[in-house]
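Okay, protein_7.txt is below, compact mmCIF, C-alpha atoms and all ligand atoms:
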# COMPACT_ATOMS: atom_id res chain seq x y z
CA MET P 1 23.02 23.13 -8.43
CA GLU P 2 25.37 20.48 -9.80
CA LEU P 3 22.78 17.77 -9.06
CA VAL P 4 19.88 19.64 -10.63
CA ASN P 5 21.88 20.07 -13.87
CA ASN P 6 22.55 16.33 -13.91
CA LEU P 7 18.87 15.41 -14.01
CA ASP P 8 18.60 15.77 -17.81
CA GLY P 9 17.24 12.61 -19.41
CA ARG P 10 16.89 10.79 -16.10
CA LEU P 11 13.73 9.03 -15.00
CA LEU P 12 12.53 10.82 -11.85
CA PHE P 13 11.33 8.47 -9.13
CA ALA P 14 9.57 10.03 -6.09
CA VAL P 15 10.14 8.19 -2.80
CA PRO P 16 8.82 9.03 0.71
CA LYS P 17 11.50 10.98 2.54
CA LYS P 18 10.42 9.76 6.03
CA GLY P 19 7.54 8.20 7.92
CA ARG P 20 5.72 4.88 7.75
CA LEU P 21 6.55 4.03 4.13
CA TYR P 22 10.21 5.04 4.15
CA GLU P 23 12.00 1.82 5.22
CA SER P 24 9.90 -0.52 3.06
CA ALA P 25 10.27 1.77 0.03
CA LEU P 26 14.06 1.75 0.42
CA SER P 27 14.04 -2.03 0.72
CA LEU P 28 12.13 -2.24 -2.61
CA LEU P 29 14.72 0.00 -4.28
CA GLN P 30 17.52 -2.17 -2.93
CA GLY P 31 15.81 -5.37 -4.10
CA SER P 32 15.41 -3.79 -7.56
CA ASP P 33 19.15 -2.97 -7.70
CA ILE P 34 18.57 0.78 -7.88
CA GLN P 35 21.91 1.92 -6.43
CA PHE P 36 22.29 5.42 -5.05
CA HIS P 37 23.97 7.48 -2.39
CA ARG P 38 21.91 10.18 -0.72
CA HIS P 39 24.12 13.07 0.39
CA ASN P 40 23.34 14.52 3.77
CA ARG P 41 20.19 16.71 3.66
CA LEU P 42 19.80 16.48 -0.13
CA ASP P 43 16.38 15.41 -1.37
CA ILE P 44 17.64 14.31 -4.80
CA ALA P 45 19.95 11.31 -5.25
CA LEU P 46 21.39 10.16 -8.57
CA CYS P 47 21.55 6.41 -9.24
CA HIS P 48 25.03 5.04 -10.05
CA ASN P 49 23.92 2.20 -12.26
CA LEU P 50 20.79 3.50 -14.06
CA PRO P 51 19.69 6.82 -15.61
CA ILE P 52 17.35 7.48 -12.67
CA ALA P 53 17.21 10.22 -10.04
CA LEU P 54 15.39 9.58 -6.76
CA VAL P 55 13.41 12.52 -5.43
CA PHE P 56 12.68 12.29 -1.69
CA LEU P 57 9.33 13.95 -0.90
CA GLY P 58 6.57 13.81 1.72
CA ALA P 59 4.16 10.93 0.97
CA ALA P 60 1.30 13.43 0.73
CA ASP P 61 3.04 15.45 -2.03
CA ILE P 62 4.04 12.50 -4.24
CA PRO P 63 0.69 12.11 -6.11
CA THR P 64 0.83 15.80 -7.11
CA PHE P 65 4.40 15.59 -8.43
CA VAL P 66 3.61 12.43 -10.42
CA GLY P 67 0.16 13.64 -11.50
CA GLU P 68 1.64 16.82 -12.94
CA GLY P 69 4.33 14.81 -14.75
CA ARG P 70 7.18 16.38 -12.75
CA CYS P 71 8.15 12.90 -11.52
CA ASP P 72 7.64 9.74 -13.59
CA LEU P 73 7.17 7.10 -10.88
CA GLY P 74 6.34 7.35 -7.21
CA ILE P 75 5.73 5.31 -4.06
CA THR P 76 2.99 6.58 -1.74
CA GLY P 77 -0.26 5.46 -0.05
CA GLN P 78 -3.53 4.84 -1.91
CA ASP P 79 -5.08 7.22 0.65
CA GLN P 80 -2.78 10.02 -0.55
CA VAL P 81 -3.62 9.31 -4.20
CA ALA P 82 -7.35 9.39 -3.45
CA GLU P 83 -7.06 12.55 -1.35
CA THR P 84 -5.02 14.43 -3.97
CA ARG P 85 -7.37 13.46 -6.82
CA THR P 86 -4.69 13.88 -9.48
CA ALA P 87 -4.63 11.67 -12.55
CA VAL P 88 -1.96 9.02 -11.97
CA GLU P 89 -1.90 5.33 -12.82
CA GLU P 90 -1.79 3.02 -9.80
CA VAL P 91 0.38 0.30 -11.33
CA LEU P 92 1.16 -2.02 -8.38
CA THR P 93 -0.05 -2.44 -4.82
CA LEU P 94 3.03 -3.04 -2.68
CA GLY P 95 1.74 -5.01 0.32
CA PHE P 96 3.00 -2.64 3.05
CA GLY P 97 1.62 0.55 4.65
CA LYS P 98 -1.68 -1.25 5.20
CA CYS P 99 -4.14 0.66 7.37
CA LYS P 100 -7.67 2.10 7.41
CA LEU P 101 -8.89 5.68 7.24
CA GLN P 102 -11.55 5.71 9.97
CA VAL P 103 -14.10 8.00 11.56
CA GLN P 104 -13.33 8.18 15.29
CA VAL P 105 -15.20 9.65 18.24
CA PRO P 106 -14.58 9.79 22.03
CA ALA P 107 -14.87 6.16 23.24
CA ARG P 108 -16.82 7.18 26.37
CA GLY P 109 -19.13 9.54 24.50
CA PRO P 110 -22.66 8.83 23.25
CA MET P 111 -21.95 8.69 19.49
CA LYS P 112 -22.15 5.27 17.84
CA GLU P 113 -22.73 6.08 14.16
CA PRO P 114 -21.02 8.51 11.77
CA LYS P 115 -24.32 10.19 10.85
CA GLU P 116 -24.42 11.53 14.42
CA LEU P 117 -21.51 13.79 13.40
CA ILE P 118 -23.61 15.57 10.76
CA GLY P 119 -23.58 19.30 11.52
CA LYS P 120 -20.63 18.93 13.90
CA GLN P 121 -16.90 19.64 13.52
CA VAL P 122 -14.57 16.94 12.12
CA VAL P 123 -10.77 17.33 12.17
CA THR P 124 -8.61 15.47 9.66
CA SER P 125 -5.57 15.58 7.35
CA PHE P 126 -7.85 14.11 4.64
CA THR P 127 -10.36 16.91 4.07
CA HIS P 128 -11.38 15.89 0.53
CA LEU P 129 -12.05 12.23 1.35
CA SER P 130 -13.81 13.18 4.58
CA ARG P 131 -15.96 15.80 2.86
CA GLU P 132 -17.00 13.27 0.19
CA TYR P 133 -17.82 10.72 2.90
CA PHE P 134 -19.96 13.12 4.97
CA ARG P 135 -21.59 14.57 1.84
CA GLN P 136 -22.85 11.07 1.07
CA LEU P 137 -24.19 10.71 4.64
CA GLU P 138 -25.95 14.08 4.36
CA VAL P 139 -27.44 13.12 0.99
CA GLU P 140 -28.79 9.92 2.61
CA ALA P 141 -30.21 11.97 5.51
CA PHE P 142 -31.64 15.05 3.69
CA GLY P 143 -31.66 14.21 -0.04
CA ALA P 144 -29.28 15.38 -2.77
CA GLU P 145 -31.31 18.47 -3.63
CA ALA P 146 -31.27 19.88 -0.08
CA VAL P 147 -27.52 19.32 0.24
CA GLU P 148 -26.94 20.96 -3.15
CA LYS P 149 -29.13 23.94 -2.23
CA ASN P 150 -28.07 24.56 1.38
CA GLY P 151 -24.50 23.27 1.27
CA MET P 152 -23.00 20.78 3.70
CA LYS P 153 -23.71 21.04 7.40
CA THR P 154 -20.68 19.09 8.64
CA ILE P 155 -17.57 21.24 9.11
CA MET P 156 -14.23 19.80 8.00
CA LYS P 157 -11.11 21.28 9.57
CA TYR P 158 -7.59 20.46 8.32
CA VAL P 159 -4.69 19.68 10.63
CA GLY P 160 -1.40 18.23 9.35
CA GLY P 161 -0.54 15.91 12.27
CA SER P 162 -1.50 14.74 15.78
CA VAL P 163 -5.12 14.63 14.59
CA GLU P 164 -5.96 12.28 17.46
CA ALA P 165 -5.50 15.11 19.99
CA ALA P 166 -8.29 17.25 18.45
CA CYS P 167 -11.24 15.81 20.44
CA ALA P 168 -9.49 16.07 23.82
CA LEU P 169 -8.53 19.66 23.01
CA GLY P 170 -12.14 20.53 22.25
CA VAL P 171 -11.36 21.35 18.60
CA ALA P 172 -13.37 18.44 17.18
CA ASP P 173 -16.45 16.33 17.86
CA GLY P 174 -14.90 13.54 15.79
CA ILE P 175 -11.85 12.91 13.62
CA VAL P 176 -10.99 11.03 10.44
CA ASP P 177 -7.52 9.48 10.73
CA LEU P 178 -5.46 6.41 9.85
CA VAL P 179 -5.60 3.34 12.07
CA GLU P 180 -3.36 0.30 11.93
CA SER P 181 -2.90 -1.37 15.33
CA GLY P 182 -5.41 1.02 16.96
CA GLU P 183 -2.94 1.96 19.69
CA THR P 184 -2.82 5.70 18.87
CA MET P 185 -6.62 5.80 18.80
CA LYS P 186 -6.93 3.91 22.11
CA ALA P 187 -4.31 6.05 23.84
CA ALA P 188 -6.26 9.16 22.81
CA GLY P 189 -9.50 7.72 24.27
CA LEU P 190 -11.12 7.34 20.83
CA ALA P 191 -13.06 4.53 19.12
CA ALA P 192 -13.62 3.90 15.40
CA ILE P 193 -17.24 3.96 14.25
CA SER P 194 -16.77 3.54 10.49
CA THR P 195 -14.22 3.14 7.71
CA VAL P 196 -13.81 5.71 4.94
CA MET P 197 -11.27 3.63 3.00
CA GLU P 198 -8.72 0.83 3.29
CA THR P 199 -5.28 1.67 2.01
CA GLN P 200 -1.81 0.31 1.35
CA ALA P 201 1.33 1.55 -0.38
CA VAL P 202 1.16 1.75 -4.15
CA LEU P 203 3.52 2.34 -7.08
CA ILE P 204 2.19 5.15 -9.26
CA ARG P 205 3.19 6.25 -12.77
CA SER P 206 2.72 9.51 -14.58
CA LYS P 207 0.51 9.40 -17.68
CA THR P 208 3.45 10.84 -19.61
CA PRO P 209 6.66 9.26 -18.27
CA ARG P 210 9.91 10.67 -19.71
CA ASN P 211 11.34 7.24 -20.48
CA PRO P 212 8.44 4.74 -20.76
CA LYS P 213 10.74 1.77 -21.48
CA LEU P 214 12.86 2.33 -18.38
CA ALA P 215 9.68 2.95 -16.34
CA GLU P 216 8.41 -0.49 -17.51
CA THR P 217 11.71 -2.14 -16.51
CA ILE P 218 11.58 -0.61 -13.03
CA ILE P 219 7.91 -1.63 -12.59
CA SER P 220 8.82 -5.17 -13.62
CA ARG P 221 11.76 -5.28 -11.18
CA ILE P 222 9.61 -3.99 -8.30
CA ASN P 223 6.88 -6.48 -9.18
CA GLY P 224 9.52 -9.24 -9.01
CA VAL P 225 10.63 -8.14 -5.56
CA ILE P 226 7.12 -7.93 -4.09
CA THR P 227 6.14 -11.30 -5.60
CA ALA P 228 9.26 -12.84 -4.05
CA LYS P 229 8.32 -11.35 -0.66
CA ARG P 230 4.72 -12.55 -0.96
CA TYR P 231 5.38 -16.16 -2.08
CA VAL P 232 7.56 -19.14 -1.14
CA LEU P 233 8.24 -22.23 -3.25
CA CYS P 234 6.80 -25.44 -1.80
CA THR P 235 8.08 -28.81 -3.06
CA TYR P 236 7.05 -32.32 -2.04
CA ASN P 237 6.87 -35.94 -3.21
CA ILE P 238 3.61 -37.85 -3.55
CA PRO P 239 2.25 -41.02 -5.22
CA ARG P 240 0.78 -40.06 -8.61
CA THR P 241 -2.59 -41.56 -7.60
CA LEU P 242 -2.92 -38.94 -4.83
CA LEU P 243 -2.29 -35.96 -7.15
CA PRO P 244 -6.01 -35.02 -7.55
CA ARG P 245 -6.28 -34.68 -3.76
CA VAL P 246 -3.45 -32.14 -3.48
CA HIS P 247 -4.16 -30.16 -6.63
CA GLU P 248 -6.47 -27.73 -4.85
CA ILE P 249 -4.06 -27.27 -1.96
CA THR P 250 -1.15 -26.18 -4.18
CA PRO P 251 -2.58 -24.95 -7.50
CA GLY P 252 0.51 -22.72 -7.94
CA LYS P 253 0.43 -19.21 -9.37
CA ARG P 254 -0.16 -20.49 -12.90
CA ALA P 255 0.03 -24.30 -12.38
CA PRO P 256 2.23 -26.63 -10.30
CA THR P 257 5.33 -28.24 -11.88
CA ILE P 258 5.06 -32.04 -11.75
CA THR P 259 8.12 -34.22 -12.38
CA GLN P 260 8.34 -38.02 -12.55
CA LEU P 261 10.61 -39.47 -9.81
CA GLU P 262 12.94 -42.42 -10.44
CA GLU P 263 10.74 -44.40 -8.03
CA GLU P 264 7.81 -45.83 -9.96
CA ASN P 265 4.40 -44.11 -9.50
CA TRP P 266 5.91 -41.24 -7.48
CA VAL P 267 6.06 -37.61 -8.59
CA ALA P 268 7.67 -34.44 -7.24
CA VAL P 269 5.48 -31.33 -7.13
CA SER P 270 6.66 -27.73 -6.84
CA ALA P 271 4.32 -24.76 -6.59
CA MET P 272 4.36 -21.16 -5.40
CA VAL P 273 2.34 -20.63 -2.22
CA GLU P 274 1.48 -17.37 -0.44
CA ARG P 275 3.88 -17.03 2.50
CA LYS P 276 1.06 -16.30 4.97
CA GLU P 277 -0.67 -19.59 4.07
CA ILE P 278 2.32 -21.92 4.04
CA ALA P 279 1.93 -23.50 7.51
CA ASP P 280 -1.71 -24.35 6.77
CA VAL P 281 -0.80 -25.70 3.32
CA MET P 282 1.94 -27.95 4.80
CA ASP P 283 -0.53 -29.37 7.38
CA LYS P 284 -3.01 -30.19 4.62
CA LEU P 285 -0.36 -31.73 2.35
CA GLU P 286 0.87 -33.96 5.16
CA GLU P 287 -2.70 -35.10 5.87
CA CYS P 288 -3.12 -36.01 2.19
CA GLY P 289 -0.01 -38.23 2.21
CA ALA P 290 2.64 -35.87 0.78
CA GLN P 291 6.21 -36.58 1.88
CA ASP P 292 9.53 -34.70 2.01
CA ILE P 293 7.73 -31.34 2.06
CA LEU P 294 10.22 -28.48 1.67
CA VAL P 295 9.76 -24.71 1.64
CA VAL P 296 12.26 -22.64 -0.30
CA GLN P 297 12.60 -18.83 -0.03
CA ILE P 298 12.40 -16.94 -3.33
CA SER P 299 14.95 -14.13 -3.49
CA ASN P 300 13.61 -12.58 -6.69
CA SER P 301 11.15 -13.39 -9.48
CA ARG P 302 9.81 -12.31 -12.85
CA ALA P 303 6.37 -13.24 -14.16
CA GLY P 304 7.55 -12.66 -17.76
CA ARG P 305 5.84 -10.62 -20.46
CA PRO P 306 2.40 -11.67 -21.67
CA ILE P 307 2.65 -14.06 -24.61
CA THR P 308 1.27 -12.59 -27.82
CA PRO P 309 0.26 -15.17 -30.44
N1 LIG P 401 0.03 3.42 11.23
C1 LIG P 401 0.22 3.20 9.95
N2 LIG P 401 0.37 1.95 9.50
C2 LIG P 401 0.57 1.69 8.20
N3 LIG P 401 0.64 2.66 7.26
C3 LIG P 401 0.51 3.90 7.64
C4 LIG P 401 0.28 4.24 8.99
N4 LIG P 401 0.21 5.56 9.09
C5 LIG P 401 0.35 6.03 7.85
N5 LIG P 401 0.52 5.03 6.96
C6 LIG P 401 0.71 5.16 5.50
O1 LIG P 401 1.86 5.96 5.29
C7 LIG P 401 1.53 7.17 4.63
C8 LIG P 401 2.38 8.28 5.19
O2 LIG P 401 2.05 8.47 6.55
P1 LIG P 401 3.08 9.06 7.61
O3 LIG P 401 2.35 9.21 8.91
O4 LIG P 401 4.33 8.28 7.60
O5 LIG P 401 3.28 10.48 6.95
P2 LIG P 401 4.53 11.38 6.88
O6 LIG P 401 5.01 11.43 5.46
O7 LIG P 401 5.54 11.04 7.92
O8 LIG P 401 3.83 12.74 7.16
P3 LIG P 401 3.52 13.45 8.51
O9 LIG P 401 4.45 14.59 8.47
O10 LIG P 401 2.07 13.81 8.35
O11 LIG P 401 3.76 12.51 9.66
C9 LIG P 401 0.03 7.34 4.87
O12 LIG P 401 -0.56 8.13 3.89
C10 LIG P 401 -0.45 5.91 4.84
O13 LIG P 401 -0.61 5.48 3.50
O1 LIG P 402 -3.14 2.50 14.72
P1 LIG P 402 -1.70 2.81 14.95
O2 LIG P 402 -0.83 1.60 14.71
O3 LIG P 402 -1.44 3.43 16.27
O4 LIG P 402 -1.24 3.86 13.82
C1 LIG P 402 -1.98 5.00 13.56
C2 LIG P 402 -1.13 6.24 13.62
O5 LIG P 402 -0.08 6.15 12.64
C3 LIG P 402 -0.04 7.34 11.86
O6 LIG P 402 0.68 8.33 12.46
P2 LIG P 402 2.25 8.25 12.70
O7 LIG P 402 2.54 7.45 13.93
O8 LIG P 402 2.93 7.77 11.46
O9 LIG P 402 2.66 9.74 12.99
P3 LIG P 402 1.97 11.12 12.59
O10 LIG P 402 0.77 11.24 13.48
O11 LIG P 402 3.04 12.12 12.92
O12 LIG P 402 1.66 11.08 11.13
C4 LIG P 402 -1.52 7.78 11.84
O13 LIG P 402 -1.67 9.16 11.52
C5 LIG P 402 -2.00 7.44 13.24
O14 LIG P 402 -1.79 8.48 14.14
What's the structure tokens form of this structure?
Ligand SMILES: Nc1ncnc2c1ncn2[C@@H]1O[C@H](COP(=O)(O)OP(=O)(O)OP(=O)(O)O)[C@@H](O)[C@H]1O
Ligand SMILES: O=P(O)(O)OC[C@H]1O[C@H](OP(=O)(O)OP(=O)(O)O)[C@H](O)[C@@H]1O
Amino acid sequence: MELVNNLDGRLLFAVPKKGRLYESALSLLQGSDIQFHRHNRLDIALCHNLPIALVFLGAADIPTFVGEGRCDLGITGQDQVAETRTAVEEVLTLGFGKCKLQVQVPARGPMKEPKELIGKQVVTSFTHLSREYFRQLEVEAFGAEAVEKNGMKTIMKYVGGSVEAACALGVADGIVDLVESGETMKAAGLAAISTVMETQAVLIRSKTPRNPKLAETIISRINGVITAKRYVLCTYNIPRTLLPRVHEITPGKRAPTITQLEEENWVAVSAMVERKEIADVMDKLEECGAQDILVVQISNSRAGRPITP
């Protein structure tokens, strides 16, 4: 009761309370210096250093809370936003929680294409997205008019978890579920035959945030943290005459910084490079004659506000 009374004027930030997005979401909050202590079993935590309250919710419920303006910001999956179909702004993709929502059938069975499931039973936690997907297949097969007139033939059945067990239990001919490594699917004797959507975690904002300025600050902080995770800073020395050869290898985020060295005709270059590409970039720089190549971790970053003339 005490906590609920203290929410007045605070920005409400919805965060997954468990599951696949939980750890990475907490790490973003930490990197953004959003300090809080979550009391045992309480799903609301007040921040010590900012007028924010964190609301811990299931990832599937977050788009509804933000869409209805009950929370101002939220972290969830793009799949959950699409499934809920509420009006929220997707302000930043976060680079984690990457997976695919796929149509799956028994691996040893005869089905090879999703249209073979038309008229059969499909089990999923994503009934809206699956219905849209199969409606499109039925329209392609029978025409829009026939589907409109007779309704859909494919039956969508909702289950909240362990979707992969549905075929073995005889409840489904196929399922629509999330796949990352494919291990769950393989262990259940299933194979993917098509992709409904690709998804990753996303920061969402209500269309009417309580404190738009603070919401902007938090978005900017989170953007800084994810940029720092995504990029490293690469620096190296090179004769000025070779600069055109390396420009394409390290174009930087905006442009590389080039500084004259004390040694005549030599320059130092520093540029941001995507972390996943750095080994390849270093090989190429070395081949082009760059020397003293260093990679520096970025602990935080800000792109800065757009410049208005
Ligand atoms: N294997 C996975 N790899 C990467 N991201 C995933 C994976 N599974 C789910 N996600 C992402 O995390 C979101 C939440 O899924 P998760 O399975 O953690 O749900 P949950 O909140 O624990 O609910 P549930 O009670 O249904 O398990 C998904 O909507 C999706 O965006
Ligand atoms: O392709 P994989 O790497 O095996 O991941 C896919 C599994 O991950 C998710 O479930 P999760 O394990 O989070 O548990 P849940 O079924 O209880 O939601 C998803 O629903 C799949 O079952």
Considering all atoms listed in the file, tabulate each residue of chain P that lies at most 8 Å from ligand LIG 402 (chain P) along with its nearest interatomic pair and the corresponding distance in Å to one decimal; arrange the rows by chain and ascending residue number and present them as a tab-separated table.
residue	atom	partner	partner_atom	distance
P:Gly19	CA	P:LIG402	O8	5.8
P:Arg20	CA	P:LIG402	O8	5.5
P:Cys99	CA	P:LIG402	O1	7.6
P:Gly160	CA	P:LIG402	O12	8.0
P:Gly161	CA	P:LIG402	O10	5.0
P:Ser162	CA	P:LIG402	O10	4.8
P:Val163	CA	P:LIG402	O10	6.9
P:Glu164	CA	P:LIG402	O14	6.5
P:Asp177	CA	P:LIG402	O13	5.9
P:Leu178	CA	P:LIG402	C4	4.6
P:Val179	CA	P:LIG402	O1	3.7
P:Glu180	CA	P:LIG402	O1	3.6
P:Ser181	CA	P:LIG402	O2	3.7
P:Gly182	CA	P:LIG402	O1	3.5
P:Glu183	CA	P:LIG402	O3	4.0
P:Thr184	CA	P:LIG402	O3	3.7
P:Met185	CA	P:LIG402	O3	6.2
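For the choices P:Leu21, P:Val159, P:Ile34, P:Leu92, the atom-to-atom distance to P:Leu57 is smallest for P:Leu21 when using only C-alpha atoms.
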Near-stretch 271-277 of chain P list (12 Å; all atoms listed in the file; drop same-chain fewer than 3 positions) as a ChimeraX atom specification
/P:226-237,246-259,268,280-284,293-298,301,303
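The gap separating atom CA of P:Leu169 from atom CA of P:Glu116 is 19.8 Å, in Å to one decimal.
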I'd like the box whose edges run along x, y and z of the file and which contains every listed atom of stretch 195-198 of chain P, padded by 3 Å per side; could you state its centre and edge lengths in Å, one decimal, as lines of an AutoDock Vina configuration file?
center_x = -11.5
center_y = 3.3
center_z = 5.4
size_x = 11.5
size_y = 10.9
size_z = 10.7
For ligand LIG 401 (chain P), which residue out of P:Met197, P:Leu11, P:Ala141, P:Leu50 is the nearest one, using all atoms listed in the file?
P:Met197
Please provide the set of residues having any atom within 10 Å of P:Thr241, restricted to all atoms listed in the file, with same-chain residues fewer than 4 positions apart removed, written as a PyMOL selection string.
chain P and resi 245+265-267
Could you jot down the atom P3 of ligand LIG 401 (chain P) to atom CA of P:Arg221 separation for me, Å, one decimal place?
28.4 Å
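Using all atoms listed in the file, the protein and nucleic acid residues lying no more than 6 Å from P:Ala290, apart from those fewer than 2 places from it along its own chain, are P:Asn237, P:Ile238, P:Leu285, P:Glu286, P:Cys288.
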Could stretch 117-130 of chain P be completed with N, CA and C atoms and returned as a PDB file, in the coordinates of the input?
ATOM      1  N   LEU P 117     -22.452  12.667  13.511  1.00  0.00           N
ATOM      2  CA  LEU P 117     -21.510  13.790  13.400  1.00  0.00           C
ATOM      3  C   LEU P 117     -21.988  14.855  12.413  1.00  0.00           C
ATOM      4  N   ILE P 118     -23.094  14.583  11.735  1.00  0.00           N
ATOM      5  CA  ILE P 118     -23.610  15.570  10.760  1.00  0.00           C
ATOM      6  C   ILE P 118     -23.905  16.885  11.487  1.00  0.00           C
ATOM      7  N   GLY P 119     -23.361  17.981  10.915  1.00  0.00           N
ATOM      8  CA  GLY P 119     -23.580  19.300  11.520  1.00  0.00           C
ATOM      9  C   GLY P 119     -22.548  19.633  12.583  1.00  0.00           C
ATOM     10  N   LYS P 120     -21.654  18.682  12.863  1.00  0.00           N
ATOM     11  CA  LYS P 120     -20.630  18.930  13.900  1.00  0.00           C
ATOM     12  C   LYS P 120     -19.274  19.181  13.223  1.00  0.00           C
ATOM     13  N   GLN P 121     -18.228  19.321  14.061  1.00  0.00           N
ATOM     14  CA  GLN P 121     -16.900  19.640  13.520  1.00  0.00           C
ATOM     15  C   GLN P 121     -15.994  18.394  13.477  1.00  0.00           C
ATOM     16  N   VAL P 122     -15.439  18.123  12.309  1.00  0.00           N
ATOM     17  CA  VAL P 122     -14.570  16.940  12.120  1.00  0.00           C
ATOM     18  C   VAL P 122     -13.172  17.419  11.732  1.00  0.00           C
ATOM     19  N   VAL P 123     -12.165  16.941  12.445  1.00  0.00           N
ATOM     20  CA  VAL P 123     -10.770  17.330  12.170  1.00  0.00           C
ATOM     21  C   VAL P 123     -10.056  16.183  11.466  1.00  0.00           C
ATOM     22  N   THR P 124      -9.271  16.513  10.446  1.00  0.00           N
ATOM     23  CA  THR P 124      -8.610  15.470   9.660  1.00  0.00           C
ATOM     24  C   THR P 124      -7.470  16.054   8.817  1.00  0.00           C
ATOM     25  N   SER P 125      -6.564  15.172   8.366  1.00  0.00           N
ATOM     26  CA  SER P 125      -5.570  15.580   7.350  1.00  0.00           C
ATOM     27  C   SER P 125      -6.119  15.244   5.963  1.00  0.00           C
ATOM     28  N   PHE P 126      -7.269  14.567   5.919  1.00  0.00           N
ATOM     29  CA  PHE P 126      -7.850  14.110   4.640  1.00  0.00           C
ATOM     30  C   PHE P 126      -9.177  14.832   4.414  1.00  0.00           C
ATOM     31  N   THR P 127      -9.112  16.131   4.145  1.00  0.00           N
ATOM     32  CA  THR P 127     -10.360  16.910   4.070  1.00  0.00           C
ATOM     33  C   THR P 127     -11.211  16.524   2.857  1.00  0.00           C
ATOM     34  N   HIS P 128     -10.578  16.226   1.707  1.00  0.00           N
ATOM     35  CA  HIS P 128     -11.380  15.890   0.530  1.00  0.00           C
ATOM     36  C   HIS P 128     -12.138  14.580   0.714  1.00  0.00           C
ATOM     37  N   LEU P 129     -11.401  13.551   1.160  1.00  0.00           N
ATOM     38  CA  LEU P 129     -12.050  12.230   1.350  1.00  0.00           C
ATOM     39  C   LEU P 129     -13.124  12.323   2.425  1.00  0.00           C
ATOM     40  N   SER P 130     -12.847  13.079   3.482  1.00  0.00           N
ATOM     41  CA  SER P 130     -13.810  13.180   4.580  1.00  0.00           C
ATOM     42  C   SER P 130     -15.047  13.949   4.120  1.00  0.00           C
TER      43      SER P 130
END
